[in-house]
$ cat data_39.cif   # mmCIF, C-alpha atoms
data_entry
#
loop_
_atom_site.label_atom_id
_atom_site.label_comp_id
_atom_site.auth_asym_id
_atom_site.auth_seq_id
_atom_site.Cartn_x
_atom_site.Cartn_y
_atom_site.Cartn_z
CA MET A 277 50.55 38.55 -26.82
CA ILE A 278 49.55 36.56 -23.74
CA PRO A 279 46.07 38.13 -23.51
CA LEU A 280 45.46 37.51 -27.21
CA LEU A 281 46.45 33.85 -26.84
CA GLY A 282 44.19 33.60 -23.81
CA LEU A 283 41.30 35.12 -25.73
CA ILE A 284 41.77 32.71 -28.64
CA GLY A 285 42.08 29.84 -26.19
CA GLY A 286 38.82 30.88 -24.53
CA VAL A 287 37.03 31.09 -27.87
CA LEU A 288 38.33 27.65 -28.86
CA VAL A 289 37.26 26.16 -25.55
CA GLY A 290 33.81 27.70 -25.98
CA LEU A 291 33.49 26.35 -29.53
CA LEU A 292 34.85 22.87 -28.86
CA TRP A 293 33.44 22.23 -25.43
CA GLY A 294 30.29 24.27 -26.11
CA PRO A 295 28.54 24.00 -22.77
CA ASP A 296 24.83 24.74 -22.77
CA VAL A 297 23.98 27.93 -20.96
CA PRO A 298 21.00 27.35 -18.67
CA VAL A 299 17.89 29.09 -19.98
CA ALA A 300 17.56 31.04 -16.74
CA LEU A 301 20.95 32.66 -17.35
CA GLN A 302 20.43 33.47 -21.02
CA PRO A 303 18.88 36.94 -20.53
CA TYR A 304 22.07 38.02 -18.78
CA LEU A 305 24.44 36.86 -21.49
CA PRO A 306 24.20 39.86 -23.83
CA ILE A 307 24.65 42.27 -20.94
CA ALA A 308 27.57 40.24 -19.60
CA VAL A 309 29.19 40.28 -23.03
CA ILE A 310 28.89 44.06 -23.27
CA ALA A 311 30.24 44.48 -19.73
CA ALA A 312 33.19 42.27 -20.65
CA LEU A 313 33.84 44.32 -23.78
CA ASP A 314 33.83 47.47 -21.70
CA ALA A 315 36.41 46.00 -19.35
CA VAL A 316 38.53 44.84 -22.30
CA PHE A 317 38.57 48.21 -24.03
CA GLY A 318 39.28 49.95 -20.73
CA ALA A 319 42.22 47.59 -20.25
CA VAL A 320 43.56 48.22 -23.75
CA ARG A 321 43.39 51.92 -23.16
CA ALA A 322 45.16 51.54 -19.81
CA VAL A 323 47.90 49.53 -21.50
CA LEU A 324 48.38 52.30 -24.05
CA ASP A 325 48.37 54.88 -21.28
CA GLY A 326 51.03 52.86 -19.52
CA ILE A 327 49.05 52.43 -16.32
CA PHE A 328 47.66 48.91 -16.80
CA ASN A 329 47.18 46.89 -13.65
CA ASP A 330 46.09 43.27 -13.81
CA LYS A 331 44.28 43.31 -10.49
CA VAL A 332 42.25 46.35 -11.43
CA PHE A 333 41.45 44.76 -14.77
CA VAL A 334 40.15 41.51 -13.28
CA VAL A 335 38.21 43.28 -10.56
CA SER A 336 36.63 45.76 -12.98
CA PHE A 337 35.72 42.95 -15.37
CA LEU A 338 34.07 40.83 -12.67
CA ALA A 339 32.34 43.82 -11.10
CA ASN A 340 31.01 44.97 -14.48
CA VAL A 341 29.57 41.57 -15.32
CA VAL A 342 28.06 41.00 -11.90
CA VAL A 343 26.55 44.47 -11.57
CA ALA A 344 25.16 44.42 -15.10
CA ALA A 345 23.60 41.01 -14.52
CA PHE A 346 22.22 42.16 -11.19
CA ILE A 347 20.65 45.25 -12.73
CA VAL A 348 18.97 43.15 -15.40
CA PHE A 349 17.81 40.66 -12.77
CA LEU A 350 16.41 43.44 -10.62
CA GLY A 351 14.70 44.94 -13.65
CA ASP A 352 13.13 41.60 -14.48
CA GLN A 353 11.79 41.32 -10.95
CA LEU A 354 10.37 44.85 -11.12
CA GLY A 355 8.93 44.36 -14.58
CA VAL A 356 11.20 46.92 -16.25
CA GLY A 357 13.92 44.50 -17.34
CA SER A 358 14.11 45.67 -20.92
CA GLN A 359 14.33 49.34 -19.94
CA LEU A 360 17.10 48.69 -17.43
CA SER A 361 18.92 46.52 -19.99
CA THR A 362 18.73 49.45 -22.39
CA GLY A 363 20.16 51.70 -19.71
CA VAL A 364 23.06 49.36 -19.07
CA VAL A 365 23.74 49.03 -22.78
CA VAL A 366 23.71 52.82 -23.24
CA VAL A 367 26.09 53.53 -20.36
CA LEU A 368 28.52 50.76 -21.25
CA GLY A 369 28.24 51.60 -24.94
CA VAL A 370 29.18 55.22 -24.31
CA ARG A 371 32.17 54.09 -22.26
CA ILE A 372 33.24 51.62 -24.92
CA PHE A 373 33.07 54.27 -27.60
CA SER A 374 34.98 56.84 -25.56
CA ASN A 375 37.70 54.32 -24.77
CA VAL A 376 37.88 53.21 -28.39
CA ALA A 377 38.20 56.86 -29.45
CA SER A 378 41.08 57.28 -27.02
CA ILE A 379 42.73 54.07 -28.24
CA ARG A 380 42.37 55.30 -31.79
CA ARG A 381 44.08 58.56 -30.91
CA HIS A 382 46.91 56.60 -29.35
CA LEU A 383 47.41 54.29 -32.27
CA PHE A 384 46.76 56.53 -35.24
CA LYS A 385 47.38 59.95 -33.68
CA ALA A 386 44.12 61.06 -35.18
CA MET B 30 35.86 66.23 -27.43
CA THR B 31 37.91 69.32 -26.99
CA THR B 32 41.14 67.75 -25.90
CA GLY B 33 44.11 67.76 -28.22
CA PRO B 34 45.64 64.60 -29.58
CA THR B 35 48.52 64.55 -27.14
CA SER B 36 46.78 65.38 -23.91
CA HIS B 37 44.86 62.65 -22.14
CA ARG B 38 41.78 63.69 -20.38
CA ASP B 39 42.68 61.74 -17.30
CA GLU B 40 45.82 63.74 -16.78
CA THR B 41 43.95 67.00 -16.82
CA PRO B 42 41.22 66.63 -14.24
CA PRO B 43 38.25 68.92 -14.73
CA VAL B 44 39.13 72.39 -13.56
CA THR B 45 37.28 73.11 -10.39
CA THR B 46 36.74 76.77 -10.79
CA PRO B 47 35.03 78.55 -7.96
CA GLY B 48 31.34 78.97 -8.58
CA ARG B 49 29.06 76.69 -10.54
CA ARG B 50 30.16 74.92 -13.63
CA PRO B 51 27.87 75.74 -16.51
CA ASP B 52 27.22 72.03 -17.06
CA GLU B 53 26.94 71.15 -13.42
CA SER B 54 23.51 69.64 -13.87
CA MET B 55 25.02 67.11 -16.26
CA THR B 56 27.87 65.86 -14.10
CA LEU B 57 26.82 62.28 -14.63
CA LEU B 58 26.96 62.62 -18.39
CA THR B 59 30.17 64.62 -18.22
CA SER B 60 31.97 62.11 -16.08
CA MET B 61 30.69 59.29 -18.25
CA MET B 62 31.83 60.96 -21.44
CA GLU B 63 35.09 62.48 -20.26
CA ARG B 64 36.45 59.86 -17.89
CA PRO B 65 35.46 56.52 -19.37
CA LEU B 66 38.54 54.81 -17.95
CA ASP B 67 38.21 53.15 -14.60
CA PRO B 68 39.82 55.53 -12.06
CA GLY B 69 41.19 52.43 -10.36
CA TYR B 70 43.90 52.20 -13.02
CA ALA B 71 45.22 55.65 -12.25
CA ALA B 72 45.05 55.05 -8.50
CA ALA B 73 46.85 51.69 -8.76
CA ALA B 74 49.50 53.21 -11.01
CA ALA B 75 50.06 56.04 -8.53
CA GLU B 76 50.43 53.53 -5.68
CA ARG B 77 52.96 51.47 -7.62
CA GLU B 78 54.93 54.55 -8.48
CA ALA B 79 54.96 55.56 -4.86
CA ALA B 80 56.33 52.09 -4.02
CA GLY B 81 59.08 52.53 -6.56
CA LEU B 82 57.68 50.15 -9.20
CA PRO B 83 56.87 50.92 -12.81
CA PRO B 84 53.27 52.19 -13.12
CA SER B 85 52.13 49.32 -15.32
CA THR B 86 52.19 45.67 -14.32
CA GLY B 87 52.43 44.63 -17.94
CA THR B 88 49.98 42.33 -19.68
CA SER B 89 51.94 39.10 -19.41
CA THR B 90 50.73 37.99 -16.02
CA PRO B 91 48.81 34.80 -15.17
CA THR B 92 45.85 36.85 -13.95
CA VAL B 93 45.50 38.52 -17.33
CA LEU B 94 45.76 35.16 -19.07
CA VAL B 95 42.98 33.67 -16.96
CA ALA B 96 40.81 36.72 -17.42
CA ALA B 97 41.39 36.64 -21.19
CA VAL B 98 40.38 32.98 -21.35
CA VAL B 99 37.24 33.72 -19.37
CA ILE B 100 36.35 36.66 -21.61
CA GLY B 101 36.90 34.62 -24.76
CA LEU B 102 34.72 31.87 -23.33
CA LEU B 103 32.04 34.38 -22.40
CA LEU B 104 32.00 35.93 -25.87
CA THR B 105 31.74 32.52 -27.51
CA LEU B 106 29.05 31.32 -25.15
CA GLY B 107 27.05 34.46 -25.75
CA ALA B 108 27.34 34.14 -29.51
CA VAL B 109 26.49 30.44 -29.52
CA ALA B 110 23.68 30.55 -26.97
CA LEU B 111 21.96 33.56 -28.46
CA ARG B 112 22.20 32.33 -32.02
CA THR B 113 20.75 28.84 -31.55
CA PRO B 114 17.18 29.76 -30.54
CA SER B 115 16.44 31.25 -33.94
CA SER B 116 17.45 28.10 -35.78
CA SER B 117 15.52 25.95 -33.32
CA ALA B 118 12.50 28.19 -33.82
CA ILE B 119 12.76 27.67 -37.57
CA LYS B 120 12.97 23.95 -37.00
CA ALA B 121 9.93 24.00 -34.74
CA LYS B 122 8.00 25.99 -37.31
CA ALA B 123 8.85 23.58 -40.12
CA ASN B 124 7.85 20.73 -37.84
CA LEU B 125 4.50 22.36 -37.12
CA VAL B 126 3.87 23.04 -40.80
CA SER B 127 4.54 19.42 -41.71
CA GLN B 128 2.28 18.29 -38.88
CA ILE B 129 -0.51 20.52 -40.15
CA GLU B 130 -0.08 19.14 -43.65
CA THR B 131 -0.12 15.51 -42.56
CA ARG B 132 -3.17 15.99 -40.41
CA ARG B 133 -4.99 17.92 -43.11
CA SER B 134 -4.36 15.18 -45.64
CA ALA B 135 -5.47 12.62 -43.03
CA VAL B 136 -8.70 14.55 -42.58
CA GLU B 137 -9.20 14.66 -46.35
CA LYS B 138 -8.67 10.94 -46.60
CA GLN B 139 -11.06 10.22 -43.79
CA SER B 140 -13.76 12.45 -45.27
CA THR B 141 -13.53 10.61 -48.56
CA GLN B 142 -13.78 7.35 -46.69
CA LEU B 143 -16.69 8.73 -44.75
CA ARG B 144 -18.54 9.70 -47.92
CA ALA B 145 -17.99 6.24 -49.37
CA MET B 146 -19.31 4.66 -46.21
CA GLN B 147 -22.30 6.94 -46.17
CA SER B 148 -23.26 5.97 -49.70
CA GLU B 149 -22.83 2.33 -48.72
CA VAL B 150 -25.08 2.92 -45.74
CA ASP B 151 -27.66 4.52 -48.01
CA LYS B 152 -27.53 1.54 -50.34
CA LEU B 153 -27.95 -0.91 -47.48
CA GLN B 154 -30.72 1.19 -46.12
CA ALA B 155 -32.61 1.10 -49.37
CA LEU B 156 -32.04 -2.65 -49.49
CA ALA B 157 -33.31 -3.12 -45.95
CA LEU B 158 -36.37 -1.06 -46.56
CA GLY B 159 -37.21 -3.13 -49.58
CA GLN B 160 -39.71 -2.37 -52.25
CA ASP B 161 -42.88 -2.41 -50.22
CA GLU B 162 -41.97 0.51 -47.92
CA THR B 163 -42.40 3.13 -50.63
CA SER B 164 -43.85 5.78 -48.35
CA LEU B 165 -40.90 5.47 -46.02
CA GLN B 166 -38.53 5.50 -48.99
CA THR B 167 -39.90 8.72 -50.42
CA ARG B 168 -39.93 10.36 -47.03
CA LEU B 169 -36.38 9.24 -46.50
CA ALA B 170 -35.32 10.64 -49.86
CA ALA B 171 -36.90 13.99 -49.07
CA LEU B 172 -35.27 14.07 -45.66
CA THR B 173 -31.82 13.16 -46.96
CA LEU B 174 -32.08 15.84 -49.60
CA ALA B 175 -33.15 18.46 -47.09
CA SER B 176 -30.56 17.46 -44.53
CA GLY B 177 -27.68 17.43 -46.97
CA ALA B 178 -26.81 13.81 -46.30
CA GLU B 179 -26.10 13.04 -49.92
CA PRO B 180 -24.39 14.83 -52.75
CA VAL B 181 -26.70 16.70 -55.07
CA ARG B 182 -26.32 17.95 -58.60
CA GLY B 183 -28.28 20.44 -60.62
CA PRO B 184 -28.48 23.95 -62.00
CA GLY B 185 -27.91 26.91 -59.73
CA ILE B 186 -25.77 29.96 -59.15
CA LYS B 187 -22.28 30.59 -57.88
CA VAL B 188 -21.64 33.52 -55.56
CA VAL B 189 -17.98 34.35 -55.09
CA LEU B 190 -16.87 36.66 -52.29
CA ASP B 191 -13.29 37.81 -52.02
CA ASN B 192 -11.32 40.39 -50.07
CA ALA B 193 -11.01 43.83 -51.59
CA PRO B 194 -8.03 44.21 -53.92
CA GLY B 195 -4.97 45.27 -51.97
CA SER B 196 -6.10 43.89 -48.64
CA ASP B 197 -4.85 40.37 -48.61
CA GLY B 198 -5.60 39.92 -44.97
CA THR B 199 -1.92 39.72 -44.22
CA SER B 200 0.66 42.38 -43.56
CA ALA B 201 4.08 42.73 -45.08
CA ASP B 202 5.59 40.23 -42.69
CA GLY B 203 2.93 37.70 -43.50
CA ASN B 204 1.41 37.74 -40.05
CA PRO B 205 -2.31 38.44 -40.18
CA ARG B 206 -2.32 39.57 -36.55
CA THR B 207 -0.04 42.53 -37.14
CA ASP B 208 -1.98 43.99 -40.02
CA ALA B 209 -3.34 47.30 -38.88
CA GLN B 210 -5.92 48.00 -41.57
CA LYS B 211 -7.25 44.55 -42.22
CA ASP B 212 -10.77 45.40 -41.15
CA ASP B 213 -11.92 47.21 -44.23
CA GLY B 214 -11.67 44.94 -47.22
CA THR B 215 -11.78 41.56 -45.56
CA VAL B 216 -14.69 39.16 -45.78
CA PHE B 217 -15.90 38.31 -42.30
CA SER B 218 -17.92 35.36 -41.14
CA LYS B 219 -20.84 37.71 -40.61
CA ASP B 220 -20.78 38.70 -44.28
CA LEU B 221 -20.93 35.05 -45.26
CA GLN B 222 -23.73 34.41 -42.79
CA VAL B 223 -25.90 37.24 -44.11
CA VAL B 224 -25.28 36.33 -47.74
CA VAL B 225 -26.01 32.65 -47.12
CA ASN B 226 -29.18 33.46 -45.23
CA GLY B 227 -30.23 35.70 -48.10
CA LEU B 228 -29.64 32.83 -50.50
CA TRP B 229 -31.75 30.45 -48.41
CA GLU B 230 -34.43 33.10 -48.34
CA ALA B 231 -34.19 33.42 -52.11
CA GLY B 232 -35.23 29.79 -52.45
CA ALA B 233 -31.99 27.86 -52.46
CA GLU B 234 -32.41 24.10 -52.25
CA ALA B 235 -28.87 23.32 -51.15
CA ILE B 236 -25.81 25.43 -50.42
CA SER B 237 -22.16 24.66 -50.01
CA VAL B 238 -19.32 27.05 -49.20
CA ASN B 239 -15.94 26.07 -50.63
CA GLY B 240 -17.07 22.46 -50.78
CA GLN B 241 -18.53 22.42 -47.28
CA ARG B 242 -22.20 21.52 -47.50
CA LEU B 243 -24.41 23.59 -45.25
CA THR B 244 -26.97 21.73 -43.19
CA SER B 245 -29.40 22.79 -40.53
CA THR B 246 -26.67 22.32 -37.95
CA SER B 247 -23.83 24.03 -39.83
CA ALA B 248 -22.16 27.03 -38.29
CA ILE B 249 -20.29 29.80 -40.09
CA ARG B 250 -18.00 31.36 -37.57
CA PHE B 251 -14.73 33.11 -36.98
CA ALA B 252 -11.69 31.60 -35.33
CA GLY B 253 -8.93 34.16 -35.19
CA GLU B 254 -8.61 35.34 -38.75
CA ALA B 255 -10.07 32.31 -40.45
CA ILE B 256 -13.66 31.62 -41.36
CA LEU B 257 -14.83 28.19 -40.25
CA VAL B 258 -17.67 26.34 -41.87
CA ASN B 259 -18.54 23.01 -40.29
CA TYR B 260 -15.47 23.60 -38.11
CA ARG B 261 -13.21 23.51 -41.14
CA PRO B 262 -11.12 26.57 -41.96
CA LEU B 263 -11.69 28.05 -45.40
CA ALA B 264 -9.30 29.91 -47.63
CA ARG B 265 -10.46 32.85 -49.71
CA PRO B 266 -12.04 33.33 -52.22
CA TYR B 267 -15.26 32.04 -50.73
CA THR B 268 -17.32 30.29 -53.37
CA ILE B 269 -20.93 29.72 -52.40
CA SER B 270 -22.57 27.14 -54.65
CA VAL B 271 -26.33 27.32 -54.57
CA LEU B 272 -28.73 24.84 -56.10
CA GLY B 273 -32.02 26.14 -57.41
CA ASP B 274 -33.53 27.81 -60.40
CA PRO B 275 -30.76 30.19 -61.54
CA GLU B 276 -33.03 32.98 -62.71
CA ASP B 277 -35.40 32.91 -59.76
CA LEU B 278 -32.50 32.73 -57.34
CA GLN B 279 -30.77 35.74 -58.85
CA VAL B 280 -33.95 37.80 -58.98
CA GLU B 281 -34.99 36.90 -55.46
CA PHE B 282 -31.51 37.36 -54.03
CA ALA B 283 -31.17 40.76 -55.65
CA GLY B 284 -34.40 41.78 -53.99
CA ASN B 285 -33.87 40.62 -50.44
CA ASP B 286 -31.70 41.69 -47.53
CA GLY B 287 -28.83 39.37 -48.37
CA GLY B 288 -28.53 40.82 -51.86
CA ALA B 289 -28.64 44.36 -50.52
CA TYR B 290 -25.95 43.42 -48.00
CA ALA B 291 -23.75 41.98 -50.76
CA ARG B 292 -24.13 45.16 -52.80
CA ALA B 293 -23.24 47.25 -49.75
CA LEU B 294 -20.11 45.14 -49.23
CA LYS B 295 -19.14 45.75 -52.82
CA ASP B 296 -19.88 49.49 -52.83
CA ASN B 297 -18.63 50.47 -49.40
CA TYR B 298 -15.71 48.15 -48.76
CA GLY B 299 -14.60 47.11 -52.22
CA ILE B 300 -15.17 43.44 -51.45
CA ARG B 301 -15.35 41.53 -54.70
CA VAL B 302 -18.76 39.93 -55.16
CA SER B 303 -19.71 38.05 -58.30
CA ILE B 304 -22.86 36.08 -59.03
CA ASP B 305 -22.97 33.71 -61.99
CA ALA B 306 -25.49 31.18 -63.17
CA ALA B 307 -24.23 27.63 -63.58
CA ASP B 308 -25.86 24.85 -65.55
CA SER B 309 -24.61 21.98 -63.48
CA LEU B 310 -23.30 22.22 -59.97
CA THR B 311 -22.34 19.31 -57.77
CA LEU B 312 -22.59 19.77 -54.03
CA PRO B 313 -20.90 17.20 -51.82
CA ALA B 314 -22.65 15.49 -48.96
CA ALA B 315 -22.21 16.90 -45.51
CA THR B 316 -19.75 14.88 -43.48
CA SER B 317 -20.61 16.01 -40.00
CA LEU B 318 -24.08 14.62 -39.68
CA THR B 319 -25.00 12.53 -36.73
CA VAL B 320 -28.17 10.91 -35.57
CA ARG B 321 -29.58 12.71 -32.58
CA GLU B 322 -32.93 11.05 -32.24
CA ALA B 323 -34.45 7.89 -33.65
CA THR B 324 -37.74 6.12 -33.13
CA VAL B 325 -39.07 2.82 -34.30
CA PRO B 326 -42.08 3.42 -36.54
CA LYS B 327 -45.25 1.48 -35.98
CA PRO B 328 -44.82 -1.63 -38.06
CA LYS B 329 -47.56 -1.69 -40.66
CA SER B 330 -46.71 -4.89 -42.45
CA GLY B 331 -44.44 -6.48 -39.91
CA ALA B 332 -41.27 -5.31 -41.61
CA PRO B 333 -38.48 -4.91 -39.03
CA ALA B 334 -37.40 -1.54 -40.38
CA ALA B 335 -36.38 1.20 -38.04
CA THR B 336 -36.09 4.72 -39.31
CA SER B 337 -35.57 7.99 -37.67
CA THR B 338 -38.27 10.55 -37.94
CA SER B 339 -37.00 13.93 -36.90
CA THR B 340 -33.30 13.85 -37.54
CA PRO B 341 -30.98 15.46 -40.00
CA THR B 342 -29.99 12.11 -41.38
CA SER B 343 -32.49 9.40 -41.60
CA SER B 344 -30.91 6.03 -41.49
CA THR B 345 -31.23 2.84 -39.60
CA SER B 346 -29.94 3.40 -36.15
CA SER B 347 -27.73 0.36 -36.12
CA THR B 348 -25.58 1.54 -39.00
CA SER B 349 -25.83 5.22 -38.44
CA SER B 350 -23.01 5.34 -35.95
CA THR B 351 -20.57 4.96 -38.80
CA SER B 352 -21.64 8.27 -40.26
CA GLU B 353 -20.43 10.22 -37.30
CA SER B 354 -17.44 12.36 -37.84
CA SER B 355 -15.58 14.37 -35.34
CA PRO B 356 -14.15 17.48 -36.91
#
$ encode --input "data_39.cif" --output "structure tokens"
Amino acid sequence: MIPLLGLIGGVLVGLLWGPDVPVALQPYLPIAVIAALDAVFGAVRAVLDGIFNDKVFVVSFLANVVVAAFIVFLGDQLGVGSQLSTGVVVVLGVRIFSNVASIRRHLFKA
Amino acid sequence: MTTGPTSHRDETPPVTTPGRRPDESMTLLTSMMERPLDPGYAAAAAEREAAGLPPSTGTSTPTVLVAAVVIGLLLTLGAVALRTPSSSAIKAKANLVSQIETRRSAVEKQSTQLRAMQSEVDKLQALALGQDETSLQTRLAALTLASGAEPVRGPGIKVVLDNAPGSDGTSADGNPRTDAQKDDGTVFSKDLQVVVNGLWEAGAEAISVNGQRLTSTSAIRFAGEAILVNYRPLARPYTISVLGDPEDLQVEFAGNDGGAYARALKDNYGIRVSIDAADSLTLPAATSLTVREATVPKPKSGAPAATSTSTPTSSTSSTSSTSESSP
């Protein structure tokens, strides 16, 4: 319940306050969003597995976002930004789907 | 996906059988697919169990709340920031379109004004020259006719060139630059040049393309995908109005290089070419004429008239500056 309230609160803050993201940071937003989703689904699965740990969750979330942004940044500097972004999206996407499949098995036993 | 519904893949670590696993070369993919959950969760849970605590910390901790707020904020920011550029691009495009339209209409208005002023200049010129300078007057009339400084009317022919059917010069997304096979059925500036030169050769007295009068200083050229005549972009179809004897023009044009070129365009590329006689054509005056050189003629009867001798427009040099137009 608490995480859901926090999520809704964050969305509301984003909508009402609506800070402008600097243009320099905008290329990293999509990757950061996907990294955050990966951390969220991993956390949900951990909760269902009964081994959730808040510290691990926060650290994995921050590390995901930072590393993903760094990879995209590095790719931009090397001139292969879009390819590296694709790589990040593929890896995180596979993880998200596997975790979602596991969550689904937990919830629906199917 | 070979695990049963009750067994979790994390609890059954991959069996490390002696020897090589058959999929050893794909360990990265295997670990990615089979162990998507952060191993840190399992390790932390094991530590807590060893310390006598329940394996899970539960989700109702301040850390989780803060993290959830941050994630919600991040999702919203991403959605908002990545959605706005498209709408601002649309706005910018509409702005540009309206700018183009205003400027185009401004150009139209100024050309009309320019033509009015030119005819006024001509009237004043005739007045200044008076009745006694008949030789100058006739020379002036011949020069203005040849240079395209005034509108002309008379019989002639109309040559219409248009892109081949099916090649509109634009692709499905409306962007002419992304069209792969635009080259075949499209009228190029070179086609217009050759046809126009053929028409001059056939004895044309005056020519205009889509209302742009051709003079000795006119250029037909390409800018991107558009054909420019007198630095003004034209839209297809390209109508070439030619003044002259309709029959002679058609016969001569059919016989010379320009006519042969037009037939080749029609036969080889499917470009639509039509030639029709017209009883009465009106060609507008050229708007981009400017005096380049002017001399004072030797006064024969003491009249203070100054005319240009070897210029596209012949007009008195004091008033001629009004007939300049910058395209």
$ resolve_selection --input "data_39.cif" --expression "the PyMOL selection byres ((chain A) within 8 of (chain B))" --output "PyMOL selection string"
chain A and resi 277-291+294-297+302+305-306+308-309+312+318+321-323+326-334+336+367+370-372+374-375+381+385-386
$ resolve_selection --input "data_39.cif" --expression "the PyMOL selection byres ((chain B and resi 178) around 8)" --output "ChimeraX atom specification"
/B:173-177,179-180,314-316,318,341-342
$ atom_distance --input "data_39.cif" --atom1 "CA of Asp151 in chain B" --atom2 "CA of Leu312 in chain B"
17.2 Å
$ closest_residue --input "data_39.cif" --among "A:Ala300, A:Ala315, A:Leu292, A:Ile379" --to "Asn340 in chain A" --atoms "only C-alpha atoms"
A:Ala315
$ closest_residue --input "data_39.cif" --among "A:Leu313, A:Leu338, A:Leu360, A:Ala345" --to "Phe373 in chain A" --atoms "all atoms listed in the file"
A:Leu313
$ resolve_selection --input "data_39.cif" --expression "the PyMOL selection byres ((chain B and resi 229) around 12)" --output "PyMOL selection string"
chain B and resi 222-228+230-237+243-245+269-273+278-279+281-282+285-288
